[in-house]
>>> print(open('entry00.csv').read())   # CSV, N, CA and C atoms
chain,number,residue,atom,x,y,z
A,1,MET,N,-5.9,-5.6,5.9
A,1,MET,CA,-4.6,-5.1,6.2
A,1,MET,C,-3.9,-4.8,4.9
A,2,ASN,N,-3.3,-3.6,4.8
A,2,ASN,CA,-2.5,-3.3,3.6
A,2,ASN,C,-1.0,-3.7,3.8
A,3,ARG,N,-0.5,-4.5,2.9
A,3,ARG,CA,0.8,-5.0,3.0
A,3,ARG,C,1.5,-5.1,1.6
A,4,ILE,N,2.7,-4.7,1.5
A,4,ILE,CA,3.5,-4.8,0.3
A,4,ILE,C,4.7,-5.6,0.6
A,5,VAL,N,5.0,-6.6,-0.3
A,5,VAL,CA,6.2,-7.4,-0.1
A,5,VAL,C,7.0,-7.4,-1.5
A,6,LEU,N,8.2,-7.0,-1.4
A,6,LEU,CA,9.1,-6.9,-2.6
A,6,LEU,C,10.3,-7.9,-2.3
A,7,GLU,N,10.4,-8.9,-3.1
A,7,GLU,CA,11.5,-9.8,-2.9
A,7,GLU,C,12.6,-9.5,-4.0
A,8,HIS,N,13.8,-9.8,-3.7
A,8,HIS,CA,15.0,-9.6,-4.6
A,8,HIS,C,15.1,-8.2,-5.0
A,9,TYR,N,14.8,-7.3,-4.1
A,9,TYR,CA,14.8,-5.8,-4.4
A,9,TYR,C,16.3,-5.3,-4.3
A,10,PRO,N,16.8,-4.6,-5.2
A,10,PRO,CA,18.2,-4.1,-5.1
A,10,PRO,C,18.3,-3.1,-4.0
A,11,ALA,N,19.3,-3.4,-3.1
A,11,ALA,CA,19.5,-2.5,-1.9
A,11,ALA,C,19.9,-1.1,-2.4
A,12,SER,N,20.4,-1.0,-3.6
A,12,SER,CA,20.9,0.3,-4.0
A,12,SER,C,19.7,1.3,-4.2
A,13,LYS,N,18.5,0.7,-4.4
A,13,LYS,CA,17.3,1.5,-4.6
A,13,LYS,C,16.7,2.0,-3.2
A,14,LEU,N,17.2,1.5,-2.1
A,14,LEU,CA,16.7,1.9,-0.8
A,14,LEU,C,17.2,3.2,-0.4
A,15,PRO,N,16.4,4.0,0.3
A,15,PRO,CA,17.0,5.3,0.8
A,15,PRO,C,18.2,4.9,1.8
A,16,GLU,N,19.1,5.8,1.8
A,16,GLU,CA,20.3,5.5,2.7
A,16,GLU,C,20.0,5.3,4.1
A,17,ASP,N,19.0,6.0,4.7
A,17,ASP,CA,18.7,5.8,6.1
A,17,ASP,C,18.1,4.4,6.3
A,18,MET,N,17.5,3.8,5.3
A,18,MET,CA,17.0,2.4,5.5
A,18,MET,C,18.0,1.4,5.2
A,19,ARG,N,18.9,1.7,4.3
A,19,ARG,CA,19.9,0.7,3.9
A,19,ARG,C,20.9,0.4,5.0
A,20,GLY,N,21.3,1.4,5.7
A,20,GLY,CA,22.3,1.2,6.8
A,20,GLY,C,23.6,0.7,6.3
A,21,ASP,N,24.1,-0.4,6.8
A,21,ASP,CA,25.3,-1.0,6.5
A,21,ASP,C,25.2,-2.1,5.4
A,22,ILE,N,24.0,-2.3,4.8
A,22,ILE,CA,23.8,-3.3,3.7
A,22,ILE,C,24.5,-2.8,2.5
A,23,ASP,N,25.3,-3.7,1.9
A,23,ASP,CA,26.0,-3.4,0.6
A,23,ASP,C,25.0,-3.1,-0.5
A,24,ALA,N,25.3,-2.0,-1.2
A,24,ALA,CA,24.4,-1.5,-2.3
A,24,ALA,C,24.2,-2.6,-3.4
A,25,SER,N,25.1,-3.5,-3.6
A,25,SER,CA,24.9,-4.6,-4.6
A,25,SER,C,24.1,-5.7,-4.1
A,26,ALA,N,23.7,-5.8,-2.9
A,26,ALA,CA,22.9,-6.9,-2.3
A,26,ALA,C,21.4,-6.8,-2.8
A,27,LEU,N,20.8,-8.0,-2.8
A,27,LEU,CA,19.3,-8.0,-3.0
A,27,LEU,C,18.7,-8.2,-1.6
A,28,VAL,N,17.6,-7.5,-1.4
A,28,VAL,CA,16.9,-7.6,-0.1
A,28,VAL,C,15.4,-7.9,-0.3
A,29,LYS,N,14.8,-8.3,0.8
A,29,LYS,CA,13.3,-8.5,0.9
A,29,LYS,C,12.8,-7.3,1.7
A,30,VAL,N,11.8,-6.6,1.1
A,30,VAL,CA,11.2,-5.4,1.7
A,30,VAL,C,9.8,-5.7,2.0
A,31,GLU,N,9.4,-5.5,3.3
A,31,GLU,CA,8.0,-5.7,3.7
A,31,GLU,C,7.5,-4.4,4.3
A,32,VAL,N,6.4,-3.9,3.7
A,32,VAL,CA,5.8,-2.7,4.2
A,32,VAL,C,4.3,-2.9,4.7
A,33,GLU,N,4.0,-2.6,5.9
A,33,GLU,CA,2.6,-2.7,6.4
A,33,GLU,C,2.1,-1.4,6.9
A,34,VAL,N,0.9,-1.2,6.7
A,34,VAL,CA,0.3,0.0,7.3
A,34,VAL,C,0.0,-0.2,8.8
A,35,GLU,N,0.5,0.8,9.6
A,35,GLU,CA,0.3,0.7,11.0
A,35,GLU,C,-1.1,1.1,11.4
A,36,GLU,N,-1.7,0.4,12.2
A,36,GLU,CA,-3.0,0.8,12.8
A,36,GLU,C,-2.8,1.8,13.9
A,37,VAL,N,-3.3,3.0,13.7
A,37,VAL,CA,-3.2,4.0,14.7
A,37,VAL,C,-4.5,4.1,15.4
A,38,PRO,N,-4.5,3.9,16.7
A,38,PRO,CA,-5.8,4.0,17.5
A,38,PRO,C,-6.4,5.4,17.3
A,39,LYS,N,-7.8,5.3,17.1
A,39,LYS,CA,-8.5,6.6,17.0
A,39,LYS,C,-8.6,7.3,18.3
A,40,LYS,N,-8.5,8.6,18.3
A,40,LYS,CA,-8.6,9.4,19.5
A,40,LYS,C,-10.0,9.4,20.0
A,41,ARG,N,-10.2,9.1,21.2
A,41,ARG,CA,-11.5,9.1,21.8
A,41,ARG,C,-12.0,10.5,22.1
A,42,MET,N,-13.3,10.8,21.9
A,42,MET,CA,-13.8,12.1,22.1
A,42,MET,C,-14.0,12.3,23.6
A,43,THR,N,-13.8,13.5,24.0
A,43,THR,CA,-14.0,13.9,25.4
A,43,THR,C,-15.6,14.1,25.6
A,44,LEU,N,-16.0,14.1,26.8
A,44,LEU,CA,-17.4,14.3,27.1
A,44,LEU,C,-17.9,15.7,26.5
A,45,GLU,N,-17.0,16.7,26.7
A,45,GLU,CA,-17.3,18.0,26.2
A,45,GLU,C,-17.5,18.0,24.7
A,46,GLU,N,-16.6,17.3,24.0
A,46,GLU,CA,-16.7,17.3,22.5
A,46,GLU,C,-18.0,16.6,22.1
A,47,LEU,N,-18.3,15.5,22.7
A,47,LEU,CA,-19.5,14.7,22.4
A,47,LEU,C,-20.7,15.6,22.7
A,48,THR,N,-20.8,16.3,23.8
A,48,THR,CA,-21.9,17.1,24.1
A,48,THR,C,-22.0,18.3,23.1
A,49,SER,N,-20.9,18.8,22.7
A,49,SER,CA,-20.9,19.9,21.7
A,49,SER,C,-21.5,19.4,20.3
A,50,MET,N,-21.1,18.2,19.9
A,50,MET,CA,-21.6,17.6,18.7
A,50,MET,C,-23.1,17.4,18.8
A,51,ILE,N,-23.6,16.9,19.9
A,51,ILE,CA,-25.0,16.6,20.1
A,51,ILE,C,-25.8,18.0,20.0
A,52,ASP,N,-25.3,19.0,20.7
A,52,ASP,CA,-25.9,20.3,20.7
A,52,ASP,C,-26.0,20.9,19.3
A,53,LYS,N,-24.9,20.7,18.5
A,53,LYS,CA,-24.9,21.2,17.1
A,53,LYS,C,-25.9,20.5,16.3
A,54,ALA,N,-26.1,19.2,16.5
A,54,ALA,CA,-27.0,18.4,15.7
A,54,ALA,C,-28.4,18.8,16.0
A,55,ARG,N,-28.7,19.1,17.3
A,55,ARG,CA,-30.0,19.5,17.7
A,55,ARG,C,-30.4,20.9,17.3
A,56,LYS,N,-29.5,21.7,17.1
A,56,LYS,CA,-29.7,23.1,16.8
A,56,LYS,C,-30.6,23.3,15.6
A,57,GLY,N,-31.7,24.0,15.8
A,57,GLY,CA,-32.6,24.3,14.6
A,57,GLY,C,-33.6,23.2,14.4
A,58,LYS,N,-33.6,22.1,15.1
A,58,LYS,CA,-34.5,21.0,14.9
A,58,LYS,C,-35.6,21.1,16.0
A,59,PRO,N,-36.8,21.0,15.6
A,59,PRO,CA,-37.9,21.1,16.7
A,59,PRO,C,-37.9,19.8,17.5
A,60,ASP,N,-38.3,20.0,18.8
A,60,ASP,CA,-38.4,18.9,19.7
A,60,ASP,C,-39.6,18.0,19.3
A,61,VAL,N,-39.5,16.7,19.3
A,61,VAL,CA,-40.6,15.8,18.9
A,61,VAL,C,-40.8,14.9,20.1
A,62,THR,N,-42.1,14.7,20.4
A,62,THR,CA,-42.4,13.7,21.5
A,62,THR,C,-42.3,12.3,20.9
A,63,SER,N,-42.2,11.3,21.8
A,63,SER,CA,-42.1,9.9,21.4
A,63,SER,C,-43.3,9.5,20.6
A,64,GLU,N,-44.5,10.0,21.0
A,64,GLU,CA,-45.7,9.7,20.3
A,64,GLU,C,-45.7,10.2,18.8
A,65,GLU,N,-45.2,11.5,18.7
A,65,GLU,CA,-45.1,12.1,17.4
A,65,GLU,C,-44.1,11.3,16.5
A,66,ALA,N,-43.0,10.9,17.1
A,66,ALA,CA,-42.0,10.2,16.3
A,66,ALA,C,-42.6,8.8,15.9
A,67,VAL,N,-43.3,8.1,16.8
A,67,VAL,CA,-43.9,6.8,16.4
A,67,VAL,C,-44.9,7.0,15.3
A,68,ALA,N,-45.8,8.0,15.4
A,68,ALA,CA,-46.8,8.3,14.4
A,68,ALA,C,-46.2,8.5,13.1
A,69,ARG,N,-45.1,9.3,13.0
A,69,ARG,CA,-44.4,9.6,11.8
A,69,ARG,C,-43.8,8.3,11.1
A,70,VAL,N,-43.2,7.5,12.0
A,70,VAL,CA,-42.6,6.2,11.5
A,70,VAL,C,-43.7,5.3,10.9
A,71,ARG,N,-44.8,5.3,11.6
A,71,ARG,CA,-46.0,4.4,11.1
A,71,ARG,C,-46.5,5.0,9.8
A,72,GLU,N,-46.6,6.3,9.7
A,72,GLU,CA,-47.0,6.9,8.4
A,72,GLU,C,-46.1,6.4,7.3
A,73,LEU,N,-44.8,6.6,7.5
A,73,LEU,CA,-43.8,6.2,6.5
A,73,LEU,C,-43.9,4.7,6.2
A,74,ARG,N,-44.1,3.9,7.2
A,74,ARG,CA,-44.2,2.4,7.0
A,74,ARG,C,-45.4,2.1,6.2
A,75,ASP,N,-46.6,2.8,6.5
A,75,ASP,CA,-47.8,2.5,5.9
A,75,ASP,C,-47.8,2.9,4.4
A,76,GLU,N,-47.0,3.8,4.0
A,76,GLU,CA,-46.9,4.2,2.6
A,76,GLU,C,-46.4,3.1,1.8
A,77,TRP,N,-45.6,2.2,2.3
A,77,TRP,CA,-45.1,1.0,1.6
A,77,TRP,C,-46.1,-0.1,1.5
A,78,ASP,N,-47.2,-0.1,2.3
A,78,ASP,CA,-48.2,-1.1,2.3
A,78,ASP,C,-49.1,-1.0,1.2
A,79,ASP,N,-49.2,0.2,0.5
A,79,ASP,CA,-50.2,0.4,-0.5
A,79,ASP,C,-49.9,-0.3,-1.8
>>> encode(input="entry00.csv", output="structure tokens")
Amino acid sequence: MNRIVLEHYPASKLPEDMRGDIDASALVKVEVEVEEVPKKRMTLEELTSMIDKARKGKPDVTSEEAVARVRELRDEWDD
């Protein structure tokens, strides 16, 4: 979590909209935290579109072909 704490900060340095009725000669404690904003969830259409874009131009591979390729790559490290 990102957090900033300033103690004994001159109120005169605060923007007017934050200072409100606080006397400009007062010292204040300022705490600032980054707000966690929930991420927007993808719709089914957006997800489907992403998958289609990822698959575009790539040849279909059977499970057996994929397993054989992984085994070839693994066996390269055994030498």
>>> atom_distance(input="entry00.csv", atom1="atom N of Glu16 of chain A", atom2="atom N of Asn2 of chain A")
24.5 Å
>>> residues_around(input="entry00.csv", residues="Leu6 of chain A", least_positions_apart="4", cutoff="6 Å", atoms="all atoms listed in the file", output="ChimeraX atom specification")
/A:28-31
>>> atom_distance(input="entry00.csv", atom1="atom N of Leu73 of chain A", atom2="atom N of Val61 of chain A")
16.4 Å
>>> atom_distance(input="entry00.csv", atom1="atom CA of Ser12 of chain A", atom2="atom C of Leu27 of chain A")
9.1 Å
>>> select_by_dssp(input="entry00.csv", residues="segment 4-68 of chain A", states="alpha helix (DSSP H)", output="list in words")
Glu16, Asp17, Met18, Arg19, Leu44, Glu45, Glu46, Leu47, Thr48, Ser49, Met50, Ile51, Asp52, Lys53, Ala54, Arg55, Ser63, Glu64, Glu65, Ala66, Val67 and Ala68 of chain A
>>> select_by_dssp(input="entry00.csv", residues="chain A", states="strand (DSSP E)", output="compact mmCIF listing (two decimals) with N, CA and C atoms, in the frame of the given file")
# COMPACT_ATOMS: atom_id res chain seq x y z
N ARG A 3 -0.50 -4.50 2.90
CA ARG A 3 0.80 -5.00 3.00
C ARG A 3 1.50 -5.10 1.60
N ILE A 4 2.70 -4.70 1.50
CA ILE A 4 3.50 -4.80 0.30
C ILE A 4 4.70 -5.60 0.60
N VAL A 5 5.00 -6.60 -0.30
CA VAL A 5 6.20 -7.40 -0.10
C VAL A 5 7.00 -7.40 -1.50
N LEU A 6 8.20 -7.00 -1.40
CA LEU A 6 9.10 -6.90 -2.60
C LEU A 6 10.30 -7.90 -2.30
N GLU A 7 10.40 -8.90 -3.10
CA GLU A 7 11.50 -9.80 -2.90
C GLU A 7 12.60 -9.50 -4.00
N HIS A 8 13.80 -9.80 -3.70
CA HIS A 8 15.00 -9.60 -4.60
C HIS A 8 15.10 -8.20 -5.00
N TYR A 9 14.80 -7.30 -4.10
CA TYR A 9 14.80 -5.80 -4.40
C TYR A 9 16.30 -5.30 -4.30
N PRO A 10 16.80 -4.60 -5.20
CA PRO A 10 18.20 -4.10 -5.10
C PRO A 10 18.30 -3.10 -4.00
N LEU A 27 20.80 -8.00 -2.80
CA LEU A 27 19.30 -8.00 -3.00
C LEU A 27 18.70 -8.20 -1.60
N VAL A 28 17.60 -7.50 -1.40
CA VAL A 28 16.90 -7.60 -0.10
C VAL A 28 15.40 -7.90 -0.30
N LYS A 29 14.80 -8.30 0.80
CA LYS A 29 13.30 -8.50 0.90
C LYS A 29 12.80 -7.30 1.70
N VAL A 30 11.80 -6.60 1.10
CA VAL A 30 11.20 -5.40 1.70
C VAL A 30 9.80 -5.70 2.00
N GLU A 31 9.40 -5.50 3.30
CA GLU A 31 8.00 -5.70 3.70
C GLU A 31 7.50 -4.40 4.30
N VAL A 32 6.40 -3.90 3.70
CA VAL A 32 5.80 -2.70 4.20
C VAL A 32 4.30 -2.90 4.70
N GLU A 33 4.00 -2.60 5.90
CA GLU A 33 2.60 -2.70 6.40
C GLU A 33 2.10 -1.40 6.90
>>> decode(input="entry00.csv", residues="chain A", atoms="C-alpha atoms", output="mmCIF file, in the first residue's frame")
data_model
loop_
_atom_site.group_PDB
_atom_site.id
_atom_site.type_symbol
_atom_site.label_atom_id
_atom_site.label_comp_id
_atom_site.auth_asym_id
_atom_site.auth_seq_id
_atom_site.Cartn_x
_atom_site.Cartn_y
_atom_site.Cartn_z
ATOM 1 C CA MET A 1 0.000 0.000 0.000
ATOM 2 C CA ASN A 2 1.327 3.452 -0.871
ATOM 3 C CA ARG A 3 0.973 5.885 1.989
ATOM 4 C CA ILE A 4 2.479 9.274 2.810
ATOM 5 C CA VAL A 5 2.301 10.860 6.261
ATOM 6 C CA LEU A 6 3.396 14.442 6.894
ATOM 7 C CA GLU A 7 3.314 15.626 10.511
ATOM 8 C CA HIS A 8 3.573 19.265 11.643
ATOM 9 C CA TYR A 9 2.765 20.422 8.113
ATOM 10 C CA PRO A 10 1.898 24.133 7.771
ATOM 11 C CA ALA A 11 -1.797 24.510 6.959
ATOM 12 C CA SER A 12 -0.882 27.520 4.841
ATOM 13 C CA LYS A 13 0.690 25.124 2.290
ATOM 14 C CA LEU A 14 -2.558 23.199 1.836
ATOM 15 C CA PRO A 15 -4.798 24.026 -1.115
ATOM 16 C CA GLU A 16 -7.746 26.157 -0.025
ATOM 17 C CA ASP A 17 -10.311 23.471 -0.827
ATOM 18 C CA MET A 18 -8.502 21.092 1.581
ATOM 19 C CA ARG A 19 -7.836 23.646 4.304
ATOM 20 C CA GLY A 20 -11.456 24.635 4.809
ATOM 21 C CA ASP A 21 -11.864 26.533 8.107
ATOM 22 C CA ILE A 22 -8.423 25.587 9.490
ATOM 23 C CA ASP A 23 -6.339 28.622 10.427
ATOM 24 C CA ALA A 24 -3.435 29.125 7.982
ATOM 25 C CA SER A 25 -0.961 29.440 10.893
ATOM 26 C CA ALA A 26 -1.878 25.991 12.310
ATOM 27 C CA LEU A 27 0.225 22.863 11.936
ATOM 28 C CA VAL A 28 -1.602 19.785 10.646
ATOM 29 C CA LYS A 29 -1.032 16.092 10.044
ATOM 30 C CA VAL A 30 -1.581 15.059 6.426
ATOM 31 C CA GLU A 31 -2.110 11.404 5.458
ATOM 32 C CA VAL A 32 -2.391 10.372 1.828
ATOM 33 C CA GLU A 33 -3.206 6.828 0.717
ATOM 34 C CA VAL A 34 -3.638 5.437 -2.765
ATOM 35 C CA GLU A 35 -7.179 4.208 -3.265
ATOM 36 C CA GLU A 36 -7.581 0.694 -4.589
ATOM 37 C CA VAL A 37 -9.848 0.920 -7.600
ATOM 38 C CA PRO A 38 -11.443 -2.400 -8.541
ATOM 39 C CA LYS A 39 -10.487 -3.584 -11.992
ATOM 40 C CA LYS A 40 -13.227 -3.677 -14.581
ATOM 41 C CA ARG A 41 -14.239 -7.227 -15.400
ATOM 42 C CA MET A 42 -14.244 -8.249 -19.047
ATOM 43 C CA THR A 43 -17.493 -9.147 -20.692
ATOM 44 C CA LEU A 44 -17.844 -12.516 -22.406
ATOM 45 C CA GLU A 45 -17.732 -10.765 -25.774
ATOM 46 C CA GLU A 46 -14.463 -8.970 -24.904
ATOM 47 C CA LEU A 47 -12.882 -12.211 -23.707
ATOM 48 C CA THR A 48 -14.009 -14.088 -26.809
ATOM 49 C CA SER A 49 -12.631 -11.312 -29.002
ATOM 50 C CA MET A 50 -9.234 -11.478 -27.243
ATOM 51 C CA ILE A 51 -9.070 -15.245 -27.690
ATOM 52 C CA ASP A 52 -9.978 -14.946 -31.379
ATOM 53 C CA LYS A 53 -7.261 -12.322 -31.918
ATOM 54 C CA ALA A 54 -4.692 -14.532 -30.165
ATOM 55 C CA ARG A 55 -5.602 -17.522 -32.305
ATOM 56 C CA LYS A 56 -5.584 -15.613 -35.580
ATOM 57 C CA GLY A 57 -2.747 -16.729 -37.838
ATOM 58 C CA LYS A 58 -1.700 -19.613 -35.603
ATOM 59 C CA PRO A 59 -2.063 -23.160 -36.912
ATOM 60 C CA ASP A 60 -4.241 -25.610 -35.029
ATOM 61 C CA VAL A 61 -2.209 -28.179 -33.116
ATOM 62 C CA THR A 62 -3.483 -31.492 -31.822
ATOM 63 C CA SER A 63 -2.829 -32.536 -28.232
ATOM 64 C CA GLU A 64 -0.443 -35.224 -29.448
ATOM 65 C CA GLU A 65 1.565 -32.704 -31.495
ATOM 66 C CA ALA A 66 1.749 -30.333 -28.542
ATOM 67 C CA VAL A 67 2.917 -33.109 -26.194
ATOM 68 C CA ALA A 68 5.535 -34.254 -28.715
ATOM 69 C CA ARG A 69 6.874 -30.699 -29.051
ATOM 70 C CA VAL A 70 7.088 -30.238 -25.284
ATOM 71 C CA ARG A 71 8.919 -33.558 -24.959
ATOM 72 C CA GLU A 72 11.390 -32.496 -27.671
ATOM 73 C CA LEU A 73 12.085 -29.270 -25.831
ATOM 74 C CA ARG A 74 12.443 -31.084 -22.518
ATOM 75 C CA ASP A 75 14.778 -33.667 -24.003
ATOM 76 C CA GLU A 76 17.074 -30.918 -25.319
ATOM 77 C CA TRP A 77 17.950 -30.157 -21.704
ATOM 78 C CA ASP A 78 18.797 -33.790 -20.917
ATOM 79 C CA ASP A 79 21.858 -33.800 -23.194
#
